[in-house]
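Peer 1: Got input-v2.pdb for you, PDB, C-alpha atoms:
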```
ATOM      1  CA  MET A  52     -29.992  27.979 -51.878
ATOM      2  CA  GLU A  53     -27.741  31.037 -51.947
ATOM      3  CA  ILE A  54     -26.000  31.789 -48.641
ATOM      4  CA  ALA A  55     -23.998  34.971 -48.065
ATOM      5  CA  ILE A  56     -20.920  34.857 -45.867
ATOM      6  CA  ILE A  57     -19.408  38.008 -44.401
ATOM      7  CA  ALA A  58     -16.843  38.442 -41.633
ATOM      8  CA  HIS A  59     -15.195  41.474 -40.134
ATOM      9  CA  ASP A  60     -11.397  41.402 -40.127
ATOM     10  CA  GLY A  61     -11.211  40.155 -36.537
ATOM     11  CA  LYS A  62     -13.578  37.287 -37.384
ATOM     12  CA  LYS A  63     -12.299  36.095 -40.774
ATOM     13  CA  ALA A  64     -10.247  33.246 -39.293
ATOM     14  CA  ASP A  65     -13.296  32.178 -37.272
ATOM     15  CA  MET A  66     -15.390  32.186 -40.451
ATOM     16  CA  VAL A  67     -12.888  29.982 -42.318
ATOM     17  CA  GLN A  68     -12.777  27.578 -39.372
ATOM     18  CA  PHE A  69     -16.602  27.525 -39.334
ATOM     19  CA  LEU A  70     -16.755  26.864 -43.080
ATOM     20  CA  ASN A  71     -14.306  23.975 -42.774
ATOM     21  CA  LYS A  72     -16.256  22.535 -39.835
ATOM     22  CA  ASN A  73     -19.438  22.607 -41.956
ATOM     23  CA  LYS A  74     -17.892  21.653 -45.297
ATOM     24  CA  ASP A  75     -20.251  18.689 -45.803
ATOM     25  CA  ILE A  76     -23.309  20.937 -45.614
ATOM     26  CA  LEU A  77     -21.879  23.915 -47.505
ATOM     27  CA  GLN A  78     -20.546  21.928 -50.441
ATOM     28  CA  ARG A  79     -23.857  20.290 -51.286
ATOM     29  CA  GLU A  80     -25.041  20.743 -54.857
ATOM     30  CA  ASN A  81     -27.959  22.973 -53.913
ATOM     31  CA  ILE A  82     -25.850  25.424 -51.826
ATOM     32  CA  LYS A  83     -24.189  28.415 -53.486
ATOM     33  CA  LEU A  84     -21.976  30.760 -51.494
ATOM     34  CA  ILE A  85     -21.565  34.459 -52.091
ATOM     35  CA  ALA A  86     -19.337  36.704 -50.004
ATOM     36  CA  THR A  87     -17.903  40.141 -49.594
ATOM     37  CA  GLY A  88     -14.519  40.423 -51.291
ATOM     38  CA  THR A  89     -11.940  39.652 -48.641
ATOM     39  CA  THR A  90     -14.065  37.051 -46.862
ATOM     40  CA  GLY A  91     -14.680  35.395 -50.225
ATOM     41  CA  GLY A  92     -10.959  35.307 -50.934
ATOM     42  CA  LYS A  93     -10.295  33.583 -47.607
ATOM     43  CA  ALA A  94     -13.078  31.060 -48.331
ATOM     44  CA  GLU A  95     -11.642  30.362 -51.790
ATOM     45  CA  ALA A  96      -8.197  29.804 -50.286
ATOM     46  CA  ALA A  97      -9.812  27.214 -48.000
ATOM     47  CA  GLY A  98     -11.184  25.363 -51.046
ATOM     48  CA  PHE A  99     -14.723  26.748 -51.289
ATOM     49  CA  LYS A 100     -16.350  27.928 -54.494
ATOM     50  CA  VAL A 101     -17.592  31.468 -53.827
ATOM     51  CA  LYS A 102     -19.029  34.292 -55.897
ATOM     52  CA  LYS A 103     -17.276  37.405 -54.602
ATOM     53  CA  MET A 104     -18.867  40.825 -54.292
ATOM     54  CA  LEU A 105     -16.979  44.024 -53.473
ATOM     55  CA  SER A 106     -15.281  44.409 -50.116
ATOM     56  CA  GLY A 107     -17.794  45.372 -47.410
ATOM     57  CA  PRO A 108     -16.587  48.969 -46.956
ATOM     58  CA  LEU A 109     -16.576  49.445 -50.747
ATOM     59  CA  GLY A 110     -20.200  48.373 -51.223
ATOM     60  CA  GLY A 111     -20.187  44.594 -50.794
ATOM     61  CA  ASP A 112     -22.652  44.716 -47.894
ATOM     62  CA  ALA A 113     -25.004  46.756 -50.092
ATOM     63  CA  GLN A 114     -24.614  44.312 -52.983
ATOM     64  CA  ILE A 115     -25.578  41.424 -50.721
ATOM     65  CA  ALA A 116     -28.503  43.417 -49.308
ATOM     66  CA  ALA A 117     -29.729  43.949 -52.876
ATOM     67  CA  ARG A 118     -29.588  40.188 -53.520
ATOM     68  CA  VAL A 119     -31.598  39.616 -50.335
ATOM     69  CA  ALA A 120     -34.196  42.160 -51.494
ATOM     70  CA  GLU A 121     -34.341  40.491 -54.929
ATOM     71  CA  GLY A 122     -35.043  37.119 -53.314
ATOM     72  CA  LYS A 123     -31.766  35.571 -54.485
ATOM     73  CA  THR A 124     -29.938  35.276 -51.160
ATOM     74  CA  LYS A 125     -31.872  33.090 -48.718
ATOM     75  CA  MET A 126     -29.551  33.239 -45.677
ATOM     76  CA  VAL A 127     -26.819  35.542 -44.371
ATOM     77  CA  LEU A 128     -23.997  34.431 -42.088
ATOM     78  CA  PHE A 129     -22.291  37.614 -40.877
ATOM     79  CA  PHE A 130     -19.599  37.174 -38.240
ATOM     80  CA  LYS A 131     -19.587  40.672 -36.766
ATOM     81  CA  ASP A 132     -16.770  41.905 -34.547
ATOM     82  CA  PRO A 133     -18.555  43.737 -31.724
ATOM     83  CA  MET A 134     -15.247  44.902 -30.242
ATOM     84  CA  SER A 135     -14.191  47.043 -33.227
ATOM     85  CA  ASN A 136     -15.476  50.209 -34.869
ATOM     86  CA  HIS A 137     -16.559  49.938 -38.483
ATOM     87  CA  PRO A 138     -16.655  53.014 -40.722
ATOM     88  CA  HIS A 139     -19.350  51.393 -42.879
ATOM     89  CA  GLU A 140     -21.691  50.723 -39.924
ATOM     90  CA  VAL A 141     -24.545  52.326 -41.874
ATOM     91  CA  ASP A 142     -24.205  49.656 -44.584
ATOM     92  CA  ILE A 143     -24.092  46.902 -41.977
ATOM     93  CA  ASN A 144     -27.273  48.156 -40.338
ATOM     94  CA  MET A 145     -28.933  48.449 -43.751
ATOM     95  CA  LEU A 146     -28.100  44.798 -44.514
ATOM     96  CA  ILE A 147     -29.544  43.707 -41.175
ATOM     97  CA  ARG A 148     -32.687  45.772 -41.805
ATOM     98  CA  VAL A 149     -33.149  44.330 -45.307
ATOM     99  CA  CYS A 150     -32.859  40.788 -43.888
ATOM    100  CA  ASP A 151     -35.532  41.670 -41.315
ATOM    101  CA  VAL A 152     -37.828  43.289 -43.902
ATOM    102  CA  HIS A 153     -37.588  40.276 -46.237
ATOM    103  CA  ASN A 154     -37.677  37.677 -43.443
ATOM    104  CA  VAL A 155     -34.276  36.226 -44.374
ATOM    105  CA  PRO A 156     -32.405  34.340 -41.629
ATOM    106  CA  LEU A 157     -29.368  36.262 -40.408
ATOM    107  CA  ALA A 158     -26.728  34.903 -38.037
ATOM    108  CA  THR A 159     -24.279  37.396 -36.558
ATOM    109  CA  ASN A 160     -22.191  34.908 -34.592
ATOM    110  CA  GLU A 161     -20.976  31.339 -34.864
ATOM    111  CA  ALA A 162     -23.550  29.823 -32.497
ATOM    112  CA  SER A 163     -26.541  31.144 -34.443
ATOM    113  CA  ALA A 164     -24.897  30.304 -37.783
ATOM    114  CA  GLN A 165     -24.389  26.715 -36.606
ATOM    115  CA  LEU A 166     -28.073  26.418 -35.704
ATOM    116  CA  LEU A 167     -29.114  27.656 -39.148
ATOM    117  CA  LEU A 168     -26.828  25.182 -40.930
ATOM    118  CA  GLU A 169     -28.010  22.324 -38.739
ATOM    119  CA  ALA A 170     -31.564  23.167 -39.779
ATOM    120  CA  ILE A 171     -30.484  22.867 -43.425
ATOM    121  CA  ALA A 172     -28.768  19.563 -42.712
ATOM    122  CA  MET A 173     -32.000  18.101 -41.305
ATOM    123  CA  LYS A 174     -33.874  18.685 -44.568
TER     124      LYS A 174
END
```
Let me see the structure of the file written as structure tokens.
Peer 2:
Amino acid sequence: MEIAIIAHDGKKADMVQFLNKNKDILQRENIKLIATGTTGGKAEAAGFKVKKMLSGPLGGDAQIAARVAEGKTKMVLFFKDPMSNHPHEVDINMLIRVCDVHNVPLATNEASAQLLLEAIAMK
């Protein structure tokens, strides 16, 4: 199962903490992580194997949306920072729309991401 991880700058530390908290689930053989560039770099530094796309503002959100549309990415964990403006908001909304169109689970905060991973752990 391919899972995309994305985090705005103000949420990158939270994402790394979340990944470490859920290391047992995320490092299973059948789980593959992809990420936007900077988030992927932070995940790699924490010891995770990640396929990195471009940075979000440079097209990484669109690359992940394409993988969702192609049926490759089965879940998106996107720690959005609701307190900051994002110049690539159009790309973010497009990713959310593509997840909705293709019925792909999307978590935009830690609580919903935890529920999705716990569902995987029960399988």
Peer 1: Looking at all atoms listed in the file, which of A:Leu84, A:Leu157, A:Leu77, A:Leu70 is the one that sits closest to Ala55 of chain A?
Peer 2: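 Result for the nearest residue to Ala55 of chain A: A:Leu84.
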Peer 1: At what distance in Å, to one decimal, does atom CA of Ile82 of chain A lie from atom CA of Lys102 of chain A?
Peer 2: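 Atom-to-atom, atom CA of Lys102 of chain A to atom CA of Ile82 of chain A, that is 11.9 Å.
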Peer 1: Using only C-alpha atoms, determine which residues lie at most 12 Å from Ile143 of chain A, disregarding the query and same-chain residues fewer than 3 positions distant; provide the list as number ranges by chain.
Peer 2: A: 57-59, 87, 107-116, 127, 129-132, 136-140, 146-150, 157, 159
Peer 1: Would you mind reading off the distance between atom CA of Asn71 of chain A and atom CA of Lys100 of chain A, one decimal, in Å?
Peer 2: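 Interatomic distance, atom CA of Asn71 of chain A to atom CA of Lys100 of chain A: 12.5 Å.
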Peer 1: Using the chain letters and numbers from this file, what does the PyMOL selection byres ((chain A and resi 69) around 12) select? Give the answer as JSON, numbers by chain.
Peer 2: {"A": [56, 57, 58, 62, 63, 64, 65, 66, 67, 68, 70, 71, 72, 73, 74, 75, 76, 77, 94, 97, 128, 129, 130, 160, 161, 162, 163, 164, 165, 168]}
Peer 1: Kindly give the distance, in Å, that separates atom CA of Lys125 of chain A and atom CA of Asn154 of chain A, rounded to a single decimal.
Peer 2: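 Distance reported for this atom pair: 9.1 Å.
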Peer 1: Step by step, work through what the PyMOL selection byres ((chain A and resi 122) around 12) selects in the shown file, and finish by giving those residues as a PyMOL selection string.
Peer 2: chain A and resi 52-54+115-121+123-126+149-150+152-155
Peer 1: Restricting the calculation to only C-alpha atoms: of A:Asp151, A:Lys174, A:Val101, A:Ser106, which residue gets closest to Gly88 of chain A?
Peer 2: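 Of all the options, A:Ser106 lies closest to Gly88 of chain A.
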Peer 1: Rank nothing, just name the residue among A:Met104, A:Gly98, A:Met173, A:Leu166 nearest to Ile85 of chain A, using all atoms listed in the file.
Peer 2: A:Met104
Peer 1: Would you fill the gaps in segment 72-87 of chain A so it has N, CA and C atoms, then print it as a PDB file, keeping the file's coordinate frame?
Peer 2:
```pdb
ATOM      1  N   LYS A  72     -15.507  23.400 -40.743  1.00  0.00           N
ATOM      2  CA  LYS A  72     -16.256  22.535 -39.835  1.00  0.00           C
ATOM      3  C   LYS A  72     -17.565  22.062 -40.480  1.00  0.00           C
ATOM      4  N   ASN A  73     -18.137  22.900 -41.335  1.00  0.00           N
ATOM      5  CA  ASN A  73     -19.438  22.607 -41.956  1.00  0.00           C
ATOM      6  C   ASN A  73     -19.330  22.328 -43.450  1.00  0.00           C
ATOM      7  N   LYS A  74     -18.163  21.884 -43.869  1.00  0.00           N
ATOM      8  CA  LYS A  74     -17.892  21.653 -45.297  1.00  0.00           C
ATOM      9  C   LYS A  74     -18.919  20.716 -45.940  1.00  0.00           C
ATOM     10  N   ASP A  75     -19.306  19.655 -45.233  1.00  0.00           N
ATOM     11  CA  ASP A  75     -20.251  18.689 -45.803  1.00  0.00           C
ATOM     12  C   ASP A  75     -21.582  19.338 -46.164  1.00  0.00           C
ATOM     13  N   ILE A  76     -22.041  20.249 -45.343  1.00  0.00           N
ATOM     14  CA  ILE A  76     -23.309  20.937 -45.614  1.00  0.00           C
ATOM     15  C   ILE A  76     -23.115  21.974 -46.716  1.00  0.00           C
ATOM     16  N   LEU A  77     -22.073  22.775 -46.617  1.00  0.00           N
ATOM     17  CA  LEU A  77     -21.879  23.915 -47.505  1.00  0.00           C
ATOM     18  C   LEU A  77     -21.450  23.541 -48.913  1.00  0.00           C
ATOM     19  N   GLN A  78     -20.957  22.321 -49.102  1.00  0.00           N
ATOM     20  CA  GLN A  78     -20.546  21.928 -50.441  1.00  0.00           C
ATOM     21  C   GLN A  78     -21.570  21.023 -51.130  1.00  0.00           C
ATOM     22  N   ARG A  79     -22.782  21.008 -50.604  1.00  0.00           N
ATOM     23  CA  ARG A  79     -23.857  20.290 -51.286  1.00  0.00           C
ATOM     24  C   ARG A  79     -24.173  20.993 -52.602  1.00  0.00           C
ATOM     25  N   GLU A  80     -24.721  20.224 -53.530  1.00  0.00           N
ATOM     26  CA  GLU A  80     -25.041  20.743 -54.857  1.00  0.00           C
ATOM     27  C   GLU A  80     -25.979  21.937 -54.831  1.00  0.00           C
ATOM     28  N   ASN A  81     -26.941  21.927 -53.915  1.00  0.00           N
ATOM     29  CA  ASN A  81     -27.959  22.973 -53.913  1.00  0.00           C
ATOM     30  C   ASN A  81     -27.551  24.221 -53.120  1.00  0.00           C
ATOM     31  N   ILE A  82     -26.331  24.274 -52.595  1.00  0.00           N
ATOM     32  CA  ILE A  82     -25.850  25.424 -51.826  1.00  0.00           C
ATOM     33  C   ILE A  82     -24.861  26.222 -52.674  1.00  0.00           C
ATOM     34  N   LYS A  83     -25.106  27.511 -52.795  1.00  0.00           N
ATOM     35  CA  LYS A  83     -24.189  28.415 -53.486  1.00  0.00           C
ATOM     36  C   LYS A  83     -23.785  29.491 -52.496  1.00  0.00           C
ATOM     37  N   LEU A  84     -22.491  29.749 -52.408  1.00  0.00           N
ATOM     38  CA  LEU A  84     -21.976  30.760 -51.494  1.00  0.00           C
ATOM     39  C   LEU A  84     -21.640  32.038 -52.239  1.00  0.00           C
ATOM     40  N   ILE A  85     -22.033  33.165 -51.641  1.00  0.00           N
ATOM     41  CA  ILE A  85     -21.565  34.459 -52.091  1.00  0.00           C
ATOM     42  C   ILE A  85     -20.911  35.110 -50.877  1.00  0.00           C
ATOM     43  N   ALA A  86     -20.052  36.089 -51.117  1.00  0.00           N
ATOM     44  CA  ALA A  86     -19.337  36.704 -50.004  1.00  0.00           C
ATOM     45  C   ALA A  86     -18.864  38.095 -50.378  1.00  0.00           C
ATOM     46  N   THR A  87     -18.616  38.895 -49.354  1.00  0.00           N
ATOM     47  CA  THR A  87     -17.903  40.141 -49.594  1.00  0.00           C
ATOM     48  C   THR A  87     -16.478  39.776 -49.995  1.00  0.00           C
TER      49      THR A  87
END
```
